[in-house]
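Heads up, upload-v7.pdb below (PDB, C-alpha atoms):
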MODEL        1
ATOM      1  CA  MET A   1     -13.002  11.407   0.400
ATOM      2  CA  GLU A   2     -11.642  14.848  -0.446
ATOM      3  CA  ASN A   3      -9.898  15.685  -3.692
ATOM      4  CA  LEU A   4      -6.307  14.558  -3.230
ATOM      5  CA  THR A   5      -4.919  15.433  -6.648
ATOM      6  CA  GLU A   6      -2.792  18.276  -5.276
ATOM      7  CA  ALA A   7      -1.310  16.105  -2.497
ATOM      8  CA  VAL A   8      -0.522  13.403  -5.063
ATOM      9  CA  ALA A   9       1.262  15.936  -7.272
ATOM     10  CA  ARG A  10       3.328  17.145  -4.293
ATOM     11  CA  VAL A  11       4.322  13.587  -3.332
ATOM     12  CA  ARG A  12       5.287  12.869  -6.932
ATOM     13  CA  SER A  13       7.518  15.942  -6.938
ATOM     14  CA  GLY A  14       9.442  14.484  -3.980
ATOM     15  CA  GLU A  15       7.593  16.007  -1.007
ATOM     16  CA  ALA A  16       7.084  12.842   1.074
ATOM     17  CA  ALA A  17       5.412  14.799   3.913
ATOM     18  CA  ALA A  18       2.449  15.508   1.607
ATOM     19  CA  PHE A  19       1.637  11.802   1.826
ATOM     20  CA  GLN A  20       0.427  12.479   5.384
ATOM     21  CA  ARG A  21      -2.527  14.382   3.952
ATOM     22  CA  ILE A  22      -3.488  11.391   1.825
ATOM     23  CA  VAL A  23      -3.224   9.089   4.866
ATOM     24  CA  ASP A  24      -5.249  11.433   7.093
ATOM     25  CA  ALA A  25      -7.989  11.787   4.495
ATOM     26  CA  THR A  26      -8.318   8.097   3.621
ATOM     27  CA  SER A  27      -7.145   5.867   6.497
ATOM     28  CA  ALA A  28     -10.444   5.689   8.428
ATOM     29  CA  ARG A  29     -12.437   4.422   5.449
ATOM     30  CA  LEU A  30      -9.696   2.116   4.217
ATOM     31  CA  VAL A  31      -9.117   0.483   7.628
ATOM     32  CA  ARG A  32     -12.888   0.072   8.056
ATOM     33  CA  LEU A  33     -13.125  -1.606   4.632
ATOM     34  CA  ALA A  34     -10.205  -3.955   5.412
ATOM     35  CA  ALA A  35     -11.583  -4.740   8.892
ATOM     36  CA  ARG A  36     -14.944  -5.663   7.364
ATOM     37  CA  MET A  37     -13.186  -8.052   4.992
ATOM     38  CA  LEU A  38     -10.724  -9.520   7.490
ATOM     39  CA  GLY A  39     -12.739  -9.440  10.715
ATOM     40  CA  ASN A  40     -10.406  -7.424  12.926
ATOM     41  CA  VAL A  41      -8.730  -4.042  13.120
ATOM     42  CA  VAL A  42      -5.117  -5.211  13.680
ATOM     43  CA  ASP A  43      -4.991  -7.220  10.440
ATOM     44  CA  ALA A  44      -6.807  -4.378   8.708
ATOM     45  CA  GLU A  45      -4.186  -1.854   9.850
ATOM     46  CA  ASP A  46      -1.375  -4.148   8.623
ATOM     47  CA  VAL A  47      -3.029  -4.532   5.239
ATOM     48  CA  VAL A  48      -3.718  -0.804   4.856
ATOM     49  CA  GLN A  49      -0.165   0.091   5.938
ATOM     50  CA  GLU A  50       1.265  -2.235   3.266
ATOM     51  CA  ALA A  51      -1.167  -0.751   0.776
ATOM     52  CA  TYR A  52       0.063   2.782   1.576
ATOM     53  CA  VAL A  53       3.695   1.689   1.082
ATOM     54  CA  LYS A  54       2.743   0.206  -2.303
ATOM     55  CA  ALA A  55       0.878   3.386  -3.201
ATOM     56  CA  TYR A  56       3.859   5.542  -2.211
ATOM     57  CA  ARG A  57       6.208   3.414  -4.347
ATOM     58  CA  ALA A  58       3.790   3.640  -7.275
ATOM     59  CA  LEU A  59       3.705   7.424  -6.945
ATOM     60  CA  MET A  60       7.498   7.693  -6.783
ATOM     61  CA  THR A  61       8.102   5.382  -9.737
ATOM     62  CA  GLY A  62       5.414   7.040 -11.827
ATOM     63  CA  GLU A  63       3.393   3.814 -11.966
ATOM     64  CA  PHE A  64       0.355   5.879 -10.920
ATOM     65  CA  ASP A  65       0.095   8.727 -13.396
ATOM     66  CA  GLY A  66      -2.532  10.681 -11.442
ATOM     67  CA  ARG A  67      -5.196  10.442 -14.115
ATOM     68  CA  ALA A  68      -7.350   7.890 -12.240
ATOM     69  CA  ASN A  69      -9.337   8.793  -9.128
ATOM     70  CA  VAL A  70      -7.001   8.583  -6.100
ATOM     71  CA  SER A  71      -9.645   7.162  -3.744
ATOM     72  CA  THR A  72     -10.680   4.427  -6.174
ATOM     73  CA  TRP A  73      -7.026   3.587  -6.767
ATOM     74  CA  LEU A  74      -6.388   3.290  -2.995
ATOM     75  CA  TYR A  75      -9.544   1.187  -2.549
ATOM     76  CA  ARG A  76      -8.224  -1.108  -5.275
ATOM     77  CA  ILE A  77      -4.815  -1.535  -3.617
ATOM     78  CA  VAL A  78      -6.363  -2.191  -0.179
ATOM     79  CA  THR A  79      -8.913  -4.656  -1.597
ATOM     80  CA  ASN A  80      -6.224  -6.599  -3.468
ATOM     81  CA  GLN A  81      -4.009  -6.591  -0.391
ATOM     82  CA  ALA A  82      -6.931  -7.857   1.755
ATOM     83  CA  ILE A  83      -7.720 -10.591  -0.795
ATOM     84  CA  ASP A  84      -4.052 -11.694  -0.698
ATOM     85  CA  SER A  85      -4.171 -11.686   3.097
ATOM     86  CA  MET A  86      -7.349 -13.834   3.100
ATOM     87  CA  ARG A  87      -5.698 -16.300   0.701
ATOM     88  CA  GLY A  88      -2.583 -16.410   2.892
ATOM     89  CA  ARG A  89      -4.714 -16.974   5.946
ATOM     90  CA  ALA A  90      -6.488 -19.877   4.264
ATOM     91  CA  ARG A  91      -3.070 -21.515   3.822
ATOM     92  CA  ARG A  92      -1.892 -20.640   7.355
ATOM     93  CA  PRO A  93      -4.894 -20.467   9.732
ATOM     94  CA  ARG A  94      -4.335 -17.919  12.464
ATOM     95  CA  PRO A  95      -4.415 -19.232  16.079
ATOM     96  CA  THR A  96      -7.724 -18.292  17.745
ATOM     97  CA  ASP A  97      -6.203 -16.810  20.901
ATOM     98  CA  THR A  98      -4.028 -14.428  18.837
ATOM     99  CA  ALA A  99      -7.092 -13.293  16.902
ATOM    100  CA  ASP A 100      -9.025 -12.657  20.110
ATOM    101  CA  GLU A 101      -6.131 -10.723  21.601
ATOM    102  CA  SER A 102      -5.678  -8.705  18.435
ATOM    103  CA  ILE A 103      -9.140  -7.215  18.464
ATOM    104  CA  SER A 104      -9.128  -6.195  22.113
ATOM    105  CA  ASP A 105      -8.629  -2.500  22.964
ATOM    106  CA  LEU A 106      -9.265  -1.459  19.387
ATOM    107  CA  ALA A 107     -12.980  -1.279  18.940
ATOM    108  CA  SER A 108     -15.984  -1.303  21.208
ATOM    109  CA  ALA A 109     -17.349  -4.678  22.266
ATOM    110  CA  GLU A 110     -20.250  -4.278  19.841
ATOM    111  CA  GLN A 111     -17.943  -3.503  16.944
ATOM    112  CA  GLN A 112     -15.713  -6.464  17.791
ATOM    113  CA  LEU A 113     -18.704  -8.776  17.880
ATOM    114  CA  ALA A 114     -20.027  -7.446  14.596
ATOM    115  CA  LEU A 115     -16.646  -7.761  12.826
ATOM    116  CA  THR A 116     -16.238 -11.308  14.128
ATOM    117  CA  GLU A 117     -19.803 -12.223  13.128
ATOM    118  CA  LEU A 118     -19.275 -10.808   9.616
ATOM    119  CA  SER A 119     -15.956 -12.618   9.234
ATOM    120  CA  ASP A 120     -17.302 -15.954  10.501
ATOM    121  CA  TRP A 121     -20.430 -15.712   8.366
ATOM    122  CA  MET A 122     -18.409 -15.103   5.190
ATOM    123  CA  SER A 123     -15.490 -17.351   6.099
ATOM    124  CA  GLU A 124     -16.423 -20.020   3.561
ATOM    125  CA  LEU A 125     -16.735 -17.608   0.646
ATOM    126  CA  PRO A 126     -13.814 -17.338  -1.784
ATOM    127  CA  PRO A 127     -11.919 -14.043  -1.174
ATOM    128  CA  ASP A 128     -13.067 -12.393  -4.432
ATOM    129  CA  GLN A 129     -16.756 -13.094  -3.671
ATOM    130  CA  ARG A 130     -16.314 -11.909  -0.118
ATOM    131  CA  ALA A 131     -14.693  -8.679  -1.345
ATOM    132  CA  ALA A 132     -17.511  -8.064  -3.838
ATOM    133  CA  LEU A 133     -20.201  -8.658  -1.210
ATOM    134  CA  VAL A 134     -18.539  -6.397   1.382
ATOM    135  CA  LEU A 135     -18.060  -3.616  -1.180
ATOM    136  CA  LYS A 136     -21.693  -3.882  -2.333
ATOM    137  CA  ALA A 137     -23.760  -4.729   0.730
ATOM    138  CA  VAL A 138     -21.635  -3.328   3.554
ATOM    139  CA  GLU A 139     -19.780  -0.411   1.927
ATOM    140  CA  GLY A 140     -22.783   0.480  -0.222
ATOM    141  CA  MET A 141     -20.925   0.796  -3.529
ATOM    142  CA  THR A 142     -22.467   0.436  -6.968
ATOM    143  CA  SER A 143     -21.568  -2.409  -9.325
ATOM    144  CA  PRO A 144     -19.629  -0.106 -11.737
ATOM    145  CA  GLU A 145     -17.578   1.204  -8.780
ATOM    146  CA  ILE A 146     -16.867  -2.357  -7.616
ATOM    147  CA  ALA A 147     -15.932  -3.394 -11.151
ATOM    148  CA  GLU A 148     -13.383  -0.561 -11.254
ATOM    149  CA  ILE A 149     -11.935  -1.553  -7.879
ATOM    150  CA  LEU A 150     -11.781  -5.265  -8.650
ATOM    151  CA  GLN A 151     -10.692  -4.555 -12.240
ATOM    152  CA  CYS A 152     -13.287  -6.808 -13.781
ATOM    153  CA  SER A 153     -16.510  -6.380 -15.752
ATOM    154  CA  GLU A 154     -19.829  -5.459 -14.120
ATOM    155  CA  GLY A 155     -21.092  -8.860 -15.223
ATOM    156  CA  ALA A 156     -18.288 -10.555 -13.285
ATOM    157  CA  VAL A 157     -19.203  -8.485 -10.208
ATOM    158  CA  GLU A 158     -22.862  -9.505 -10.475
ATOM    159  CA  GLN A 159     -21.848 -13.137 -10.895
ATOM    160  CA  ARG A 160     -19.695 -13.003  -7.746
ATOM    161  CA  LEU A 161     -22.537 -11.396  -5.808
ATOM    162  CA  VAL A 162     -25.047 -14.040  -6.944
ATOM    163  CA  ARG A 163     -22.653 -16.840  -6.019
ATOM    164  CA  ALA A 164     -21.834 -15.286  -2.658
ATOM    165  CA  ARG A 165     -25.516 -14.912  -1.777
ATOM    166  CA  ALA A 166     -26.222 -18.460  -2.903
ATOM    167  CA  ALA A 167     -23.431 -19.736  -0.657
ATOM    168  CA  LEU A 168     -24.781 -17.734   2.299
ATOM    169  CA  ARG A 169     -28.319 -19.073   1.640
ATOM    170  CA  LYS A 170     -26.979 -22.616   1.498
ATOM    171  CA  ARG A 171     -25.104 -22.034   4.720
ATOM    172  CA  SER A 172     -28.215 -20.803   6.551
ATOM    173  CA  GLU A 173     -30.232 -23.762   5.206
ATOM    174  CA  GLY A 174     -27.641 -26.077   6.704
ATOM    175  CA  GLN A 175     -27.872 -24.434  10.122
TER
ATOM    176  CA  MET B 176     -39.171 -13.174   6.038
ATOM    177  CA  SER B 177     -37.525 -14.847   2.989
ATOM    178  CA  GLN B 178     -33.929 -16.009   3.071
ATOM    179  CA  GLU B 179     -32.910 -13.177   0.714
ATOM    180  CA  GLN B 180     -34.483 -10.586   3.016
ATOM    181  CA  ASP B 181     -32.860 -12.300   5.932
ATOM    182  CA  ILE B 182     -29.414 -11.978   4.309
ATOM    183  CA  ASP B 183     -30.059  -8.313   3.406
ATOM    184  CA  ALA B 184     -31.217  -7.508   6.936
ATOM    185  CA  ARG B 185     -28.196  -9.188   8.500
ATOM    186  CA  LEU B 186     -25.761  -7.429   6.128
ATOM    187  CA  SER B 187     -27.438  -4.116   6.823
ATOM    188  CA  ARG B 188     -27.254  -4.658  10.615
ATOM    189  CA  LEU B 189     -23.558  -5.611  10.415
ATOM    190  CA  ALA B 190     -22.799  -2.616   8.186
ATOM    191  CA  GLU B 191     -24.378  -0.326  10.756
ATOM    192  CA  ALA B 192     -22.624  -1.989  13.698
ATOM    193  CA  THR B 193     -19.212  -1.584  12.037
ATOM    194  CA  ALA B 194     -19.793   1.902  10.617
ATOM    195  CA  THR B 195     -17.643   3.611  13.240
ATOM    196  CA  VAL B 196     -14.682   1.203  13.160
ATOM    197  CA  ARG B 197     -11.525   3.294  13.001
ATOM    198  CA  PRO B 198      -7.768   2.699  13.093
ATOM    199  CA  ARG B 199      -5.865   3.323  16.338
ATOM    200  CA  ALA B 200      -4.827   6.883  17.087
ATOM    201  CA  ASP B 201      -1.145   6.344  16.214
ATOM    202  CA  PHE B 202      -1.883   4.622  12.910
ATOM    203  CA  SER B 203      -1.132   7.625  10.727
ATOM    204  CA  GLY B 204       2.201   8.149  12.545
ATOM    205  CA  ARG B 205       3.173   4.505  12.025
ATOM    206  CA  VAL B 206       2.381   4.726   8.329
ATOM    207  CA  MET B 207       4.481   7.872   7.939
ATOM    208  CA  GLN B 208       7.336   6.164   9.787
ATOM    209  CA  ARG B 209       7.182   3.334   7.224
ATOM    210  CA  ILE B 210       7.092   5.870   4.408
ATOM    211  CA  GLY B 211      10.155   7.604   5.926
ATOM    212  CA  ALA B 212      11.986   4.258   6.072
ATOM    213  CA  GLU B 213      10.937   3.592   2.493
ATOM    214  CA  GLN B 214      12.305   6.986   1.424
ATOM    215  CA  ALA B 215      15.596   6.352   3.265
ATOM    216  CA  GLY B 216      15.804   2.915   1.649
ATOM    217  CA  THR B 217      15.377   4.482  -1.773
ATOM    218  CA  LEU B 218      18.218   6.960  -1.092
ATOM    219  CA  LEU B 219      20.445   4.142   0.203
ATOM    220  CA  ALA B 220      19.656   2.078  -2.866
ATOM    221  CA  LEU B 221      20.724   5.015  -5.012
ATOM    222  CA  ARG B 222      23.968   5.475  -3.043
ATOM    223  CA  THR B 223      24.983   1.810  -2.896
ATOM    224  CA  PRO B 224      25.829   1.382  -6.604
ATOM    225  CA  ALA B 225      28.139   4.418  -6.339
ATOM    226  CA  TRP B 226      30.434   2.391  -4.070
ATOM    227  CA  ARG B 227      31.015  -0.037  -6.943
ATOM    228  CA  PHE B 228      32.780   2.736  -8.844
ATOM    229  CA  PHE B 229      35.106   3.629  -5.938
ATOM    230  CA  PRO B 230      38.105   1.440  -7.049
ATOM    231  CA  VAL B 231      37.794   2.685 -10.631
ATOM    232  CA  GLY B 232      37.668   6.246  -9.328
ATOM    233  CA  MET B 233      40.785   5.690  -7.212
ATOM    234  CA  LEU B 234      42.651   4.230 -10.207
ATOM    235  CA  ALA B 235      41.605   7.147 -12.400
ATOM    236  CA  ALA B 236      42.803   9.590  -9.729
ATOM    237  CA  ALA B 237      46.196   7.791  -9.462
ATOM    238  CA  LEU B 238      46.633   7.831 -13.259
ATOM    239  CA  ALA B 239      45.755  11.511 -13.378
ATOM    240  CA  LEU B 240      48.339  12.241 -10.659
ATOM    241  CA  PHE B 241      50.994  10.198 -12.500
ATOM    242  CA  TRP B 242      50.226  12.045 -15.745
ATOM    243  CA  ALA B 243      50.378  15.449 -13.997
ATOM    244  CA  VAL B 244      53.751  14.638 -12.410
ATOM    245  CA  SER B 245      55.248  13.408 -15.699
ATOM    246  CA  VAL B 246      53.956  16.445 -17.611
ATOM    247  CA  ASN B 247      55.381  18.672 -14.899
ATOM    248  CA  ASP B 248      58.798  16.946 -15.262
ATOM    249  CA  GLN B 249      58.739  17.423 -19.027
ATOM    250  CA  VAL B 250      57.900  21.113 -18.620
ATOM    251  CA  ASN B 251      60.713  21.528 -16.089
ATOM    252  CA  GLU B 252      63.198  19.810 -18.438
ATOM    253  CA  ALA B 253      62.115  21.976 -21.343
ATOM    254  CA  MET B 254      62.467  25.138 -19.290
ATOM    255  CA  ALA B 255      65.899  24.048 -18.006
ATOM    256  CA  SER B 256      67.184  23.452 -21.562
ATOM    257  CA  SER B 257      65.738  26.772 -22.757
ATOM    258  CA  ASP B 258      67.903  28.559 -20.141
ATOM    259  CA  ASP B 259      71.001  27.314 -22.016
ATOM    260  CA  THR B 260      69.804  28.536 -25.357
ATOM    261  CA  GLU B 261      71.344  31.777 -26.581
ATOM    262  CA  LEU B 262      69.134  34.032 -28.440
ATOM    263  CA  SER B 263      70.632  35.449 -31.590
ATOM    264  CA  TRP B 264      69.390  38.744 -32.852
TER
ENDMDL
END

Once more with this new file: its structure as structure tokens, please.
Amino acid sequence: MENLTEAVARVRSGEAAAFQRIVDATSARLVRLAARMLGNVVDAEDVVQEAYVKAYRALMTGEFDGRANVSTWLYRIVTNQAIDSMRGRARRPRPTDTADESISDLASAEQQLALTELSDWMSELPPDQRAALVLKAVEGMTSPEIAEILQCSEGAVEQRLVRARAALRKRSEGQ
Amino acid sequence: MSQEQDIDARLSRLAEATATVRPRADFSGRVMQRIGAEQAGTLLALRTPAWRFFPVGMLAAALALFWAVSVNDQVNEAMASSDDTELSW
């Protein structure tokens, strides 16, 4: 992601249109990350849109002071939003036909199948383990980067990864 | 192939298959629309409390008008009485 410090400074000075540059530079990667966690592009877009609104508010209220890396900060907001969405979904399971409809027309058939396969495979993992595994094994991030995004220690990241892999191993043994 | 390798291979395949997932073309526009609504909401939120001060403002304006009229009357009376005063040299 490009350096967005200047765009952030412009938004903070009241130029809302400068936020477009942040969206254009980051939306593809953020929606892809959310889709990999949630299993479809529609839910991913909803989550990322909410994340952008939160980010905008944080910029306007001065909650984000601009010292941290903008991309990492956005990754953190999207990841937290996706984790909340997964927890909400666990309480209110989404009807299957709506989920099938939601992914049509958005991605190629192969991409749809892969997102669904990823989501189904990880469906029994707790949201924080699922997030850690997607960030590490699918997004290709390092443990220190994941620790910064999930706001936990590297040890906690490693522990989540070990547990997630153990759960996936157990699942394949049962099949 | 061990189970660990199996998991790594599957994750790697799924990462590759989803590498080109993108938002819909109008996504950026929809986000900016939400941001615009958010901005308008912030301005409205700033304006709304001002309405609370409207009655107080009206009362202050009425008192100011009353004071101006009474001061004007006093000045008129003073000027009228000064017309009757004879200046002695």

Inset, instruction - Taking all atoms listed in the file into account, report as a ChimeraX atom specification which residues of chain A lie within 8 Å of chain B. - result: /A:16,19-20,23-24,27-29,31-32,35-36,41,45,49,52-53,56,106-107,110-111,114-115,118,137-139,165,168-169

Inset, instruction - Expand the PyMOL selection byres ((chain A and resi 156) around 12) into the individual residues it matches in the shown file, reporting them as an MDAnalysis selection string. - result: chainID A and resid 128:129 132 143:144 146:148 150:155 157:163

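Among the candidates A:Val11, A:Leu33, A:Leu133, A:Met86, the one nearest to Arg57 (chain A) when counting all atoms listed in the file is A:Val11.
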
Inset, instruction - Taking the file as shown, find all residues satisfying the PyMOL selection byres ((chain A and resi 74) around 10) and write them as number ranges by chain. - result: A: 22, 26-27, 30, 48, 51-52, 54-55, 69-73, 75-80, 149

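Going from CA of Ser172 (chain A) over to CA of Leu113 (chain A), you cover 19.1 Å.
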
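CA of Val42 (chain A) is found 18.6 Å from CA of Pro127 (chain A).
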
Inset, instruction - Up to 7 Å from (-14.7, -10.2, 3.5) in the file's coordinates: name the residues, counting all atoms listed in the file, as JSON, numbers by chain. - result: {"A": [36, 37, 38, 119, 122, 127, 130, 131, 134]}

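A straight line drawn from CA of Glu63 (chain A) to CA of Arg10 (chain A) is 15.4 Å long.
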